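> Mind having a look at this structure? Questions to follow.
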Amino acid sequence: MKHPDNILEVAALLPDYMGFIFWEKSARYFDGVIPELPKSIKKVGIFVNETAAIIFEKVSKHDLQAVQLHGHESVAFCEELRKILPKDIEIIKVFSVQDEFDFSILEPFEAVCDYFLFDTKGKLPGGNGTTFDWKVLENYPSTKPFFLSGGIGLEELEAVKEIIKTELAVYAIDVNSKFETAPGLKNLKLVTELRENLQF
C-alpha cells in the first residue's frame with residue numbers, strides 16, 4: 001500500500017494484513033505516514049537486505065506488527081532481528097520459487113521465523129505478476145504455516161481454493177500487482193471481489 005486514501009478504502013474491507021514496502025528501489029516504496037487502521041489489521045513492513053537497525057527503526061516509527069524479509073537474509077540475521085524486535089512482532093521470511101525448490105534450506109529458518117512466504121522468482125524481489133508451479137509445494141516438508149504469493153489474481157482463485165483444501169500449511173495469500181491500477185494503488189472493486197470470493 002502507498003496512498004493514504006486508498007489505504008483507508010482497502011482497510012475498510014478488513015484484510016488481515018496490509019503491506020508497506022520500505023525498499024527505495026520499488027515503485028511501491030512507502031515514505032509517508034500510515035493512517036490509523038482498524039486494530040484487527042496487522043501492518044507489515046517489507047524489507048530487502050536491510051540492516052537490523054533500520055528495520056527496528058521502521059517497526060518503531062510505524063508501529064508495525066510484522067516484518068517481511070524479501071532479500072537474502074540469513075538465519076543469523078533473522079536471529080538478530082528476533083532478539084532486538086519486540087517478541088510479538090511476526091517475522092515472515094520470503095523464498096523465491098521457480099520450477100523447483102530445495103526445501104532443505106528452510107529447516108534452519110524454522111526456529112527464527114513465524115511464517116514462510118513463497119513467491120515467484122523474477123527480475124524484482126516481488127511484484128512481478130507471475131505465478132510459479134504450485135505443484136512444487138506438494139513436497140513442502142514442514143508444518144510451518146506459509147503465505148502463498150506470486151501473481152495471484154481473481155483468475156487464480158479456484159486454484160488457490162484447491163491448495164487451501166489440501167493438508168499443506170497455507171496460512172494466508174499475499175496479493176499485489178494483479179489488484180492494482182498503478183504500483184501501490186489498489187483497485188477497490190477487484191479487492192472487494194477477492195474478499196467476497198475467498199474466505200479462510
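Here's how to read the names in the C-alpha cells: chain A, B, ... by the order shown, residue numbers from 1 in each chain, ligand numbers from 1 in the order shown.
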Do you have, as a Markdown table, the list of residues of stretch 92-166 of chain A lying at most 10 Å from stretch 171-192 of chain A, each with its nearest atom pair and that distance in Å to one decimal, counting only C-alpha atoms and ordered by chain then number?

| residue | atom | partner | partner_atom | distance |
| --- | --- | --- | --- | --- |
| A:Tyr115 | CA | A:Tyr171 | CA | 8.4 |
| A:Phe116 | CA | A:Tyr171 | CA | 9.5 |
| A:Leu117 | CA | A:Asp174 | CA | 8.5 |
| A:Phe118 | CA | A:Asp174 | CA | 9.4 |
| A:Asp119 | CA | A:Asp174 | CA | 9.0 |
| A:Gly126 | CA | A:Asn176 | CA | 8.9 |
| A:Gly127 | CA | A:Ser177 | CA | 5.6 |
| A:Asn128 | CA | A:Ser177 | CA | 7.3 |
| A:Gly129 | CA | A:Ser177 | CA | 5.7 |
| A:Thr130 | CA | A:Lys178 | CA | 9.2 |
| A:Lys144 | CA | A:Tyr171 | CA | 9.1 |
| A:Pro145 | CA | A:Tyr171 | CA | 5.3 |
| A:Phe146 | CA | A:Tyr171 | CA | 5.2 |
| A:Phe147 | CA | A:Ala172 | CA | 4.7 |
| A:Leu148 | CA | A:Ile173 | CA | 4.7 |
| A:Ser149 | CA | A:Asp174 | CA | 4.8 |
| A:Gly150 | CA | A:Val175 | CA | 7.5 |
| A:Gly151 | CA | A:Lys178 | CA | 6.5 |
| A:Ile152 | CA | A:Val175 | CA | 5.8 |
| A:Gly153 | CA | A:Lys178 | CA | 5.2 |
| A:Leu154 | CA | A:Leu190 | CA | 7.8 |
| A:Glu155 | CA | A:Lys178 | CA | 9.8 |
| A:Val160 | CA | A:Ile173 | CA | 8.4 |
| A:Ile164 | CA | A:Tyr171 | CA | 8.6 |
> Please, could you write that set of residues out with N, CA and C atoms as an mmCIF file, in the first residue's frame?

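As written to disk, part31.cif reads:
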data_model
loop_
_atom_site.group_PDB
_atom_site.id
_atom_site.type_symbol
_atom_site.label_atom_id
_atom_site.label_comp_id
_atom_site.auth_asym_id
_atom_site.auth_seq_id
_atom_site.Cartn_x
_atom_site.Cartn_y
_atom_site.Cartn_z
ATOM 1 N N TYR A 115 6.619 -17.318 9.963
ATOM 2 C CA TYR A 115 5.992 -17.803 8.728
ATOM 3 C C TYR A 115 7.007 -17.773 7.599
ATOM 4 N N PHE A 116 6.767 -18.611 6.596
ATOM 5 C CA PHE A 116 7.473 -18.516 5.334
ATOM 6 C C PHE A 116 6.514 -17.892 4.316
ATOM 7 N N LEU A 117 7.073 -17.350 3.245
ATOM 8 C CA LEU A 117 6.267 -16.874 2.130
ATOM 9 C C LEU A 117 6.935 -17.345 0.855
ATOM 10 N N PHE A 118 6.161 -17.978 -0.015
ATOM 11 C CA PHE A 118 6.689 -18.465 -1.286
ATOM 12 C C PHE A 118 6.187 -17.571 -2.407
ATOM 13 N N ASP A 119 7.150 -16.971 -3.129
ATOM 14 C CA ASP A 119 6.842 -16.043 -4.207
ATOM 15 C C ASP A 119 7.533 -16.536 -5.475
ATOM 16 N N GLY A 126 9.694 -9.572 -5.810
ATOM 17 C CA GLY A 126 8.264 -9.445 -5.567
ATOM 18 C C GLY A 126 7.609 -8.503 -6.554
ATOM 19 N N GLY A 127 6.278 -8.631 -6.666
ATOM 20 C CA GLY A 127 5.527 -7.735 -7.531
ATOM 21 C C GLY A 127 5.731 -7.953 -9.015
ATOM 22 N N ASN A 128 6.107 -9.165 -9.395
ATOM 23 C CA ASN A 128 6.366 -9.459 -10.810
ATOM 24 C C ASN A 128 5.120 -9.884 -11.582
ATOM 25 N N GLY A 129 4.049 -10.217 -10.854
ATOM 26 C CA GLY A 129 2.786 -10.528 -11.507
ATOM 27 C C GLY A 129 2.716 -11.890 -12.162
ATOM 28 N N THR A 130 3.623 -12.798 -11.810
ATOM 29 C CA THR A 130 3.605 -14.135 -12.406
ATOM 30 C C THR A 130 3.544 -15.197 -11.309
ATOM 31 N N LYS A 144 5.378 -25.512 9.347
ATOM 32 C CA LYS A 144 5.416 -24.053 9.500
ATOM 33 C C LYS A 144 4.399 -23.435 8.542
ATOM 34 N N PRO A 145 3.447 -22.652 9.044
ATOM 35 C CA PRO A 145 2.459 -22.032 8.153
ATOM 36 C C PRO A 145 3.135 -21.086 7.163
ATOM 37 N N PHE A 146 2.574 -20.989 5.961
ATOM 38 C CA PHE A 146 3.177 -20.120 4.963
ATOM 39 C C PHE A 146 2.143 -19.286 4.208
ATOM 40 N N PHE A 147 2.643 -18.174 3.681
ATOM 41 C CA PHE A 147 1.862 -17.316 2.795
ATOM 42 C C PHE A 147 2.104 -17.794 1.364
ATOM 43 N N LEU A 148 1.053 -17.867 0.582
ATOM 44 C CA LEU A 148 1.170 -18.183 -0.837
ATOM 45 C C LEU A 148 1.112 -16.873 -1.610
ATOM 46 N N SER A 149 2.105 -16.646 -2.463
ATOM 47 C CA SER A 149 2.189 -15.391 -3.189
ATOM 48 C C SER A 149 2.599 -15.674 -4.631
ATOM 49 N N GLY A 150 2.742 -14.604 -5.394
ATOM 50 C CA GLY A 150 3.240 -14.744 -6.754
ATOM 51 C C GLY A 150 2.163 -14.659 -7.817
ATOM 52 N N GLY A 151 1.837 -13.449 -8.249
ATOM 53 C CA GLY A 151 0.930 -13.266 -9.381
ATOM 54 C C GLY A 151 -0.486 -13.756 -9.164
ATOM 55 N N ILE A 152 -0.964 -13.739 -7.939
ATOM 56 C CA ILE A 152 -2.325 -14.205 -7.680
ATOM 57 C C ILE A 152 -3.322 -13.112 -8.049
ATOM 58 N N GLY A 153 -4.255 -13.470 -8.938
ATOM 59 C CA GLY A 153 -5.347 -12.588 -9.331
ATOM 60 C C GLY A 153 -6.665 -13.334 -9.197
ATOM 61 N N LEU A 154 -7.750 -12.704 -9.606
ATOM 62 C CA LEU A 154 -9.069 -13.350 -9.488
ATOM 63 C C LEU A 154 -9.129 -14.644 -10.288
ATOM 64 N N GLU A 155 -8.405 -14.678 -11.426
ATOM 65 C CA GLU A 155 -8.449 -15.876 -12.273
ATOM 66 C C GLU A 155 -7.740 -17.062 -11.636
ATOM 67 N N VAL A 160 -6.285 -21.500 -6.072
ATOM 68 C CA VAL A 160 -5.920 -21.180 -4.685
ATOM 69 C C VAL A 160 -6.797 -21.959 -3.718
ATOM 70 N N ILE A 164 -5.772 -24.602 -0.694
ATOM 71 C CA ILE A 164 -6.199 -24.413 0.693
ATOM 72 C C ILE A 164 -6.850 -25.682 1.245
#
> List the neighbours of stretch 105-112 of chain A out to 10 Å using only C-alpha atoms; skip same-chain residues closer than 5 positions along the sequence, and give me the result as a ChimeraX atom specification.
/A:74-83,91-93,95,140-144
> For the selection you just gave me, I'd like the residues written to a file as a short mmCIF file (atom, residue, chain, number, x, y, z; two decimals), in the first residue's frame, keeping all heavy atoms.

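The file below, result.cif, is the result:
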data_model
loop_
_atom_site.label_atom_id
_atom_site.label_comp_id
_atom_site.auth_asym_id
_atom_site.auth_seq_id
_atom_site.Cartn_x
_atom_site.Cartn_y
_atom_site.Cartn_z
N SER A 74 20.00 -13.97 6.11
CA SER A 74 20.49 -15.25 6.62
C SER A 74 19.75 -15.67 7.89
O SER A 74 18.99 -14.88 8.48
CB SER A 74 21.98 -15.14 6.95
OG SER A 74 22.17 -14.22 8.04
N VAL A 75 20.00 -16.89 8.31
CA VAL A 75 19.45 -17.38 9.58
C VAL A 75 19.96 -16.51 10.73
O VAL A 75 19.19 -16.12 11.62
CB VAL A 75 19.83 -18.85 9.81
CG1 VAL A 75 19.38 -19.32 11.19
CG2 VAL A 75 19.21 -19.74 8.73
N ALA A 76 21.25 -16.18 10.69
CA ALA A 76 21.85 -15.35 11.75
C ALA A 76 21.18 -13.98 11.81
O ALA A 76 20.96 -13.43 12.90
CB ALA A 76 23.35 -15.21 11.51
N PHE A 77 20.87 -13.43 10.65
CA PHE A 77 20.21 -12.12 10.61
C PHE A 77 18.81 -12.22 11.24
O PHE A 77 18.40 -11.34 12.01
CB PHE A 77 20.11 -11.62 9.18
CG PHE A 77 19.47 -10.26 9.07
CD1 PHE A 77 20.21 -9.11 9.27
CD2 PHE A 77 18.12 -10.13 8.76
CE1 PHE A 77 19.63 -7.85 9.18
CE2 PHE A 77 17.52 -8.89 8.67
CZ PHE A 77 18.29 -7.74 8.88
N CYS A 78 18.09 -13.27 10.91
CA CYS A 78 16.75 -13.47 11.48
C CYS A 78 16.84 -13.63 13.01
O CYS A 78 15.99 -13.13 13.75
CB CYS A 78 16.06 -14.68 10.87
SG CYS A 78 15.68 -14.49 9.10
N GLU A 79 17.89 -14.32 13.46
CA GLU A 79 18.12 -14.47 14.90
C GLU A 79 18.36 -13.12 15.56
O GLU A 79 17.82 -12.83 16.64
CB GLU A 79 19.32 -15.39 15.15
CG GLU A 79 19.05 -16.86 14.93
CD GLU A 79 20.28 -17.71 15.16
OE1 GLU A 79 21.40 -17.23 14.89
OE2 GLU A 79 20.12 -18.85 15.62
N GLU A 80 19.14 -12.28 14.88
CA GLU A 80 19.42 -10.94 15.41
C GLU A 80 18.13 -10.13 15.51
O GLU A 80 17.88 -9.46 16.52
CB GLU A 80 20.43 -10.23 14.50
CG GLU A 80 20.79 -8.83 14.98
CD GLU A 80 21.69 -8.09 14.01
OE1 GLU A 80 22.06 -8.66 12.96
OE2 GLU A 80 22.03 -6.94 14.32
N LEU A 81 17.33 -10.19 14.46
CA LEU A 81 16.05 -9.47 14.47
C LEU A 81 15.16 -9.95 15.61
O LEU A 81 14.53 -9.15 16.31
CB LEU A 81 15.30 -9.69 13.16
CG LEU A 81 15.49 -8.70 12.03
CD1 LEU A 81 14.49 -8.99 10.93
CD2 LEU A 81 15.37 -7.26 12.50
N ARG A 82 15.11 -11.25 15.78
CA ARG A 82 14.28 -11.84 16.83
C ARG A 82 14.69 -11.30 18.20
O ARG A 82 13.84 -11.06 19.07
CB ARG A 82 14.40 -13.37 16.79
CG ARG A 82 13.65 -14.12 17.85
CD ARG A 82 12.16 -13.86 17.80
NE ARG A 82 11.51 -14.62 16.74
CZ ARG A 82 10.39 -14.24 16.14
NH1 ARG A 82 9.79 -13.13 16.49
NH2 ARG A 82 9.84 -14.98 15.20
N LYS A 83 15.99 -11.05 18.38
CA LYS A 83 16.48 -10.57 19.67
C LYS A 83 16.15 -9.09 19.90
O LYS A 83 15.89 -8.68 21.02
CB LYS A 83 17.99 -10.78 19.76
CG LYS A 83 18.38 -12.24 19.94
CD LYS A 83 19.90 -12.40 19.89
CE LYS A 83 20.28 -13.87 19.98
NZ LYS A 83 21.75 -14.06 19.79
N ILE A 91 7.86 -12.43 12.15
CA ILE A 91 8.90 -12.41 11.13
C ILE A 91 8.50 -13.38 10.01
O ILE A 91 8.28 -14.57 10.26
CB ILE A 91 10.27 -12.81 11.71
CG1 ILE A 91 10.72 -11.77 12.75
CG2 ILE A 91 11.32 -12.92 10.60
CD1 ILE A 91 12.03 -12.10 13.43
N ILE A 92 8.39 -12.84 8.81
CA ILE A 92 7.98 -13.62 7.63
C ILE A 92 9.17 -13.65 6.67
O ILE A 92 9.60 -12.61 6.17
CB ILE A 92 6.76 -12.97 6.93
CG1 ILE A 92 5.61 -12.77 7.92
CG2 ILE A 92 6.33 -13.80 5.73
CD1 ILE A 92 4.56 -11.78 7.43
N LYS A 93 9.71 -14.82 6.42
CA LYS A 93 10.86 -14.94 5.50
C LYS A 93 10.38 -15.42 4.14
O LYS A 93 9.67 -16.42 4.03
CB LYS A 93 11.90 -15.92 6.06
CG LYS A 93 13.13 -16.06 5.16
CD LYS A 93 13.98 -14.80 5.15
CE LYS A 93 15.12 -14.90 4.11
NZ LYS A 93 14.73 -14.45 2.77
N PHE A 95 10.86 -16.77 0.26
CA PHE A 95 11.70 -17.62 -0.58
C PHE A 95 11.13 -17.59 -2.00
O PHE A 95 9.92 -17.75 -2.20
CB PHE A 95 11.75 -19.06 -0.06
CG PHE A 95 12.40 -19.16 1.30
CD1 PHE A 95 11.63 -19.09 2.45
CD2 PHE A 95 13.77 -19.29 1.42
CE1 PHE A 95 12.22 -19.16 3.71
CE2 PHE A 95 14.37 -19.36 2.67
CZ PHE A 95 13.59 -19.29 3.82
N TYR A 140 6.40 -29.81 0.18
CA TYR A 140 6.69 -29.00 1.36
C TYR A 140 6.74 -29.90 2.59
O TYR A 140 5.75 -30.54 2.94
CB TYR A 140 5.60 -27.94 1.52
CG TYR A 140 5.81 -26.98 2.66
CD1 TYR A 140 6.91 -26.13 2.70
CD2 TYR A 140 4.89 -26.89 3.71
CE1 TYR A 140 7.10 -25.23 3.74
CE2 TYR A 140 5.06 -25.99 4.75
CZ TYR A 140 6.17 -25.16 4.75
OH TYR A 140 6.34 -24.27 5.79
N PRO A 141 7.89 -29.94 3.28
CA PRO A 141 8.07 -30.94 4.35
C PRO A 141 7.74 -30.41 5.75
O PRO A 141 7.80 -31.15 6.71
CB PRO A 141 9.57 -31.24 4.27
CG PRO A 141 10.17 -29.93 3.86
CD PRO A 141 9.15 -29.25 2.97
N SER A 142 7.39 -29.14 5.83
CA SER A 142 7.28 -28.51 7.14
C SER A 142 5.84 -28.33 7.59
O SER A 142 4.91 -28.39 6.77
CB SER A 142 7.97 -27.14 7.09
OG SER A 142 7.80 -26.43 8.29
N THR A 143 5.66 -28.10 8.88
CA THR A 143 4.34 -27.72 9.40
C THR A 143 4.28 -26.21 9.65
O THR A 143 3.27 -25.71 10.13
CB THR A 143 4.04 -28.45 10.73
OG1 THR A 143 5.08 -28.17 11.67
CG2 THR A 143 3.95 -29.95 10.50
N LYS A 144 5.38 -25.51 9.35
CA LYS A 144 5.42 -24.05 9.50
C LYS A 144 4.40 -23.43 8.54
O LYS A 144 4.46 -23.65 7.34
CB LYS A 144 6.82 -23.53 9.19
CG LYS A 144 6.98 -22.02 9.25
CD LYS A 144 7.00 -21.50 10.66
CE LYS A 144 8.24 -21.89 11.41
NZ LYS A 144 8.26 -21.33 12.79
#
> Assign secondary structure with DSSP using the backbone only, and return the residues of stretch 97-197 of chain A in helix (DSSP H, G or I) as an NGL selection string.
:A and (103-109 or 134-139 or 154-165 or 177-179 or 188-197)
> So that each row is one residue of stretch 47-112 of chain A with an atom at most 12 Å from stretch 8-17 of chain A, can you give its shortest atom pair and the distance in Å to one decimal, using only C-alpha atoms, rows by chain and rising number, as JSON lines?

{"residue": "A:Leu64", "atom": "CA", "partner": "A:Tyr17", "partner_atom": "CA", "distance": 10.5}
{"residue": "A:Gln65", "atom": "CA", "partner": "A:Tyr17", "partner_atom": "CA", "distance": 9.1}
{"residue": "A:Ala66", "atom": "CA", "partner": "A:Tyr17", "partner_atom": "CA", "distance": 8.9}
{"residue": "A:Val67", "atom": "CA", "partner": "A:Tyr17", "partner_atom": "CA", "distance": 11.0}
{"residue": "A:Gln68", "atom": "CA", "partner": "A:Tyr17", "partner_atom": "CA", "distance": 11.3}
{"residue": "A:Glu90", "atom": "CA", "partner": "A:Tyr17", "partner_atom": "CA", "distance": 11.4}
> Put those residues in a file: N, CA and C atoms, as an mmCIF file, in the first residue's frame.

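Writing the result to selection-v1.cif gives the following:
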data_model
loop_
_atom_site.group_PDB
_atom_site.id
_atom_site.type_symbol
_atom_site.label_atom_id
_atom_site.label_comp_id
_atom_site.auth_asym_id
_atom_site.auth_seq_id
_atom_site.Cartn_x
_atom_site.Cartn_y
_atom_site.Cartn_z
ATOM 1 N N LEU A 64 4.646 -1.252 13.442
ATOM 2 C CA LEU A 64 4.407 -2.439 12.625
ATOM 3 C C LEU A 64 4.196 -3.662 13.506
ATOM 4 N N GLN A 65 3.392 -4.583 13.008
ATOM 5 C CA GLN A 65 3.163 -5.836 13.730
ATOM 6 C C GLN A 65 3.896 -7.020 13.090
ATOM 7 N N ALA A 66 4.459 -6.812 11.909
ATOM 8 C CA ALA A 66 5.160 -7.896 11.212
ATOM 9 C C ALA A 66 6.197 -7.306 10.273
ATOM 10 N N VAL A 67 7.247 -8.089 10.006
ATOM 11 C CA VAL A 67 8.233 -7.716 9.000
ATOM 12 C C VAL A 67 8.356 -8.871 8.007
ATOM 13 N N GLN A 68 8.438 -8.499 6.738
ATOM 14 C CA GLN A 68 8.586 -9.483 5.671
ATOM 15 C C GLN A 68 9.957 -9.264 5.043
ATOM 16 N N GLU A 90 5.833 -10.389 14.209
ATOM 17 C CA GLU A 90 5.951 -11.581 13.367
ATOM 18 C C GLU A 90 7.060 -11.388 12.332
#
> Check stretch 19-123 of chain A with DSSP on the backbone and list each residue it calls strand (DSSP E or B), as a list of chain:residue names.
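Secondary structure check on stretch 19-123 of chain A, strand (DSSP E or B): A:Gly19, A:Phe20, A:Ile21, A:Tyr29, A:Lys42, A:Lys43, A:Val44, A:Gly45, A:Ile46, A:Phe47, A:Ala66, A:Val67, A:Gln68, A:Leu69, A:Glu90, A:Ile91, A:Ile92, A:Lys93, A:Val94, A:Phe95, A:Ser96, A:Val97, A:Tyr115, A:Phe116, A:Leu117, A:Phe118, A:Asp119, A:Thr120.
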> Ranking A:Val59, A:Asp99, A:Glu158, A:Lys25 by minimum distance to A:Thr131 and counting only C-alpha atoms, which one comes first?
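Answer, going by the shortest atom-to-atom distance: A:Asp99.
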> Counting only C-alpha atoms, which residue out of A:Lys58, A:Glu24, A:His70, A:Asp5 sits closest to A:Leu37?
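Between A:Lys58, A:Glu24, A:His70, A:Asp5, the residue approaching A:Leu37 most closely is A:Asp5.
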> Would you kindly return, as a list in words, each protein, DNA or RNA residue with an atom no farther than 8 Å from any atom of A:Gly71, considering only C-alpha atoms and excluding same-chain residues fewer than 2 positions away?
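So the residues in contact are Phe47, Val48, Asn49, Leu69, Glu73, Val94 and Pro125 of chain A.
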> So which residues touch A:Glu138 within 10 Å, counting only C-alpha atoms, skipping near sequence neighbours fewer than 5 positions away, as a ChimeraX atom specification?
/A:163,166-168
> Could you take the residues named above and write them with N, CA, C and O atoms, as a PDB file, in the first residue's frame?

ATOM      1  N   ILE A 163      -5.663 -25.492  -3.312  1.00  0.00           N
ATOM      2  CA  ILE A 163      -4.475 -25.637  -2.461  1.00  0.00           C
ATOM      3  C   ILE A 163      -4.856 -25.523  -0.991  1.00  0.00           C
ATOM      4  O   ILE A 163      -4.355 -26.261  -0.137  1.00  0.00           O
ATOM      5  N   THR A 166      -6.002 -28.679   0.686  1.00  0.00           N
ATOM      6  CA  THR A 166      -5.035 -29.756   0.916  1.00  0.00           C
ATOM      7  C   THR A 166      -4.512 -29.703   2.345  1.00  0.00           C
ATOM      8  O   THR A 166      -4.865 -28.814   3.123  1.00  0.00           O
ATOM      9  N   GLU A 167      -3.631 -30.621   2.670  1.00  0.00           N
ATOM     10  CA  GLU A 167      -3.047 -30.664   4.013  1.00  0.00           C
ATOM     11  C   GLU A 167      -1.860 -29.717   4.160  1.00  0.00           C
ATOM     12  O   GLU A 167      -1.242 -29.659   5.225  1.00  0.00           O
ATOM     13  N   LEU A 168      -1.536 -28.980   3.101  1.00  0.00           N
ATOM     14  CA  LEU A 168      -0.445 -28.019   3.195  1.00  0.00           C
ATOM     15  C   LEU A 168      -0.796 -26.922   4.198  1.00  0.00           C
ATOM     16  O   LEU A 168      -1.963 -26.586   4.389  1.00  0.00           O
TER      17      LEU A 168
END
> Which polymer residues have any atom within 10 Å of an atom of A:Glu100, counting only C-alpha atoms, with same-chain residues fewer than 6 positions away left out, as an MDAnalysis selection string?
chainID A and resid 132:137 139
> Keeping all heavy atoms for every residue in the selection just given, could you write it to a file as a short mmCIF file (atom, residue, chain, number, x, y, z; two decimals), in the first residue's frame?

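Below is the file that was written, again.cif:
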data_model
loop_
_atom_site.label_atom_id
_atom_site.label_comp_id
_atom_site.auth_asym_id
_atom_site.auth_seq_id
_atom_site.Cartn_x
_atom_site.Cartn_y
_atom_site.Cartn_z
N PHE A 132 4.22 -19.22 -9.91
CA PHE A 132 5.13 -20.34 -10.11
C PHE A 132 4.31 -21.62 -10.11
O PHE A 132 3.10 -21.59 -9.86
CB PHE A 132 6.23 -20.35 -9.03
CG PHE A 132 5.72 -20.53 -7.61
CD1 PHE A 132 5.61 -21.79 -7.04
CD2 PHE A 132 5.39 -19.42 -6.82
CE1 PHE A 132 5.16 -21.95 -5.73
CE2 PHE A 132 4.95 -19.57 -5.52
CZ PHE A 132 4.83 -20.84 -4.97
N ASP A 133 4.94 -22.73 -10.38
CA ASP A 133 4.24 -24.01 -10.42
C ASP A 133 3.93 -24.46 -8.99
O ASP A 133 4.81 -24.95 -8.29
CB ASP A 133 5.10 -25.06 -11.14
CG ASP A 133 4.36 -26.39 -11.31
OD1 ASP A 133 3.21 -26.52 -10.83
OD2 ASP A 133 4.94 -27.30 -11.92
N TRP A 134 2.69 -24.27 -8.58
CA TRP A 134 2.33 -24.56 -7.20
C TRP A 134 2.43 -26.05 -6.85
O TRP A 134 2.42 -26.41 -5.68
CB TRP A 134 0.92 -24.05 -6.89
CG TRP A 134 0.84 -22.55 -6.92
CD1 TRP A 134 1.90 -21.68 -6.80
CD2 TRP A 134 -0.32 -21.74 -7.06
NE1 TRP A 134 1.46 -20.38 -6.86
CE2 TRP A 134 0.11 -20.38 -7.01
CE3 TRP A 134 -1.67 -22.03 -7.21
CZ2 TRP A 134 -0.79 -19.32 -7.12
CZ3 TRP A 134 -2.56 -20.96 -7.30
CH2 TRP A 134 -2.12 -19.63 -7.26
N LYS A 135 2.56 -26.88 -7.85
CA LYS A 135 2.73 -28.32 -7.57
C LYS A 135 4.03 -28.58 -6.83
O LYS A 135 4.18 -29.60 -6.15
CB LYS A 135 2.70 -29.12 -8.87
CG LYS A 135 1.30 -29.24 -9.47
CD LYS A 135 1.26 -30.20 -10.63
CE LYS A 135 -0.18 -30.37 -11.13
NZ LYS A 135 -0.25 -31.25 -12.29
N VAL A 136 4.99 -27.65 -6.97
CA VAL A 136 6.25 -27.76 -6.22
C VAL A 136 5.97 -27.87 -4.73
O VAL A 136 6.66 -28.57 -3.99
CB VAL A 136 7.15 -26.53 -6.51
CG1 VAL A 136 8.37 -26.52 -5.61
CG2 VAL A 136 7.57 -26.50 -7.97
N LEU A 137 4.92 -27.20 -4.27
CA LEU A 137 4.60 -27.17 -2.84
C LEU A 137 4.10 -28.51 -2.31
O LEU A 137 4.00 -28.70 -1.09
CB LEU A 137 3.56 -26.09 -2.56
CG LEU A 137 4.02 -24.65 -2.84
CD1 LEU A 137 2.87 -23.68 -2.67
CD2 LEU A 137 5.19 -24.27 -1.94
N ASN A 139 5.71 -30.98 -2.16
CA ASN A 139 6.87 -31.55 -1.46
C ASN A 139 7.24 -30.77 -0.21
O ASN A 139 8.29 -31.02 0.39
CB ASN A 139 8.07 -31.62 -2.41
CG ASN A 139 7.82 -32.54 -3.59
OD1 ASN A 139 7.28 -33.62 -3.43
ND2 ASN A 139 8.17 -32.08 -4.78
#
> Rounded to one decimal place, report the atom CA of A:Ile41-atom CA of A:Ile7 distance in Å.
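About the pair atom CA of A:Ile41 and atom CA of A:Ile7: they are 11.5 Å apart.
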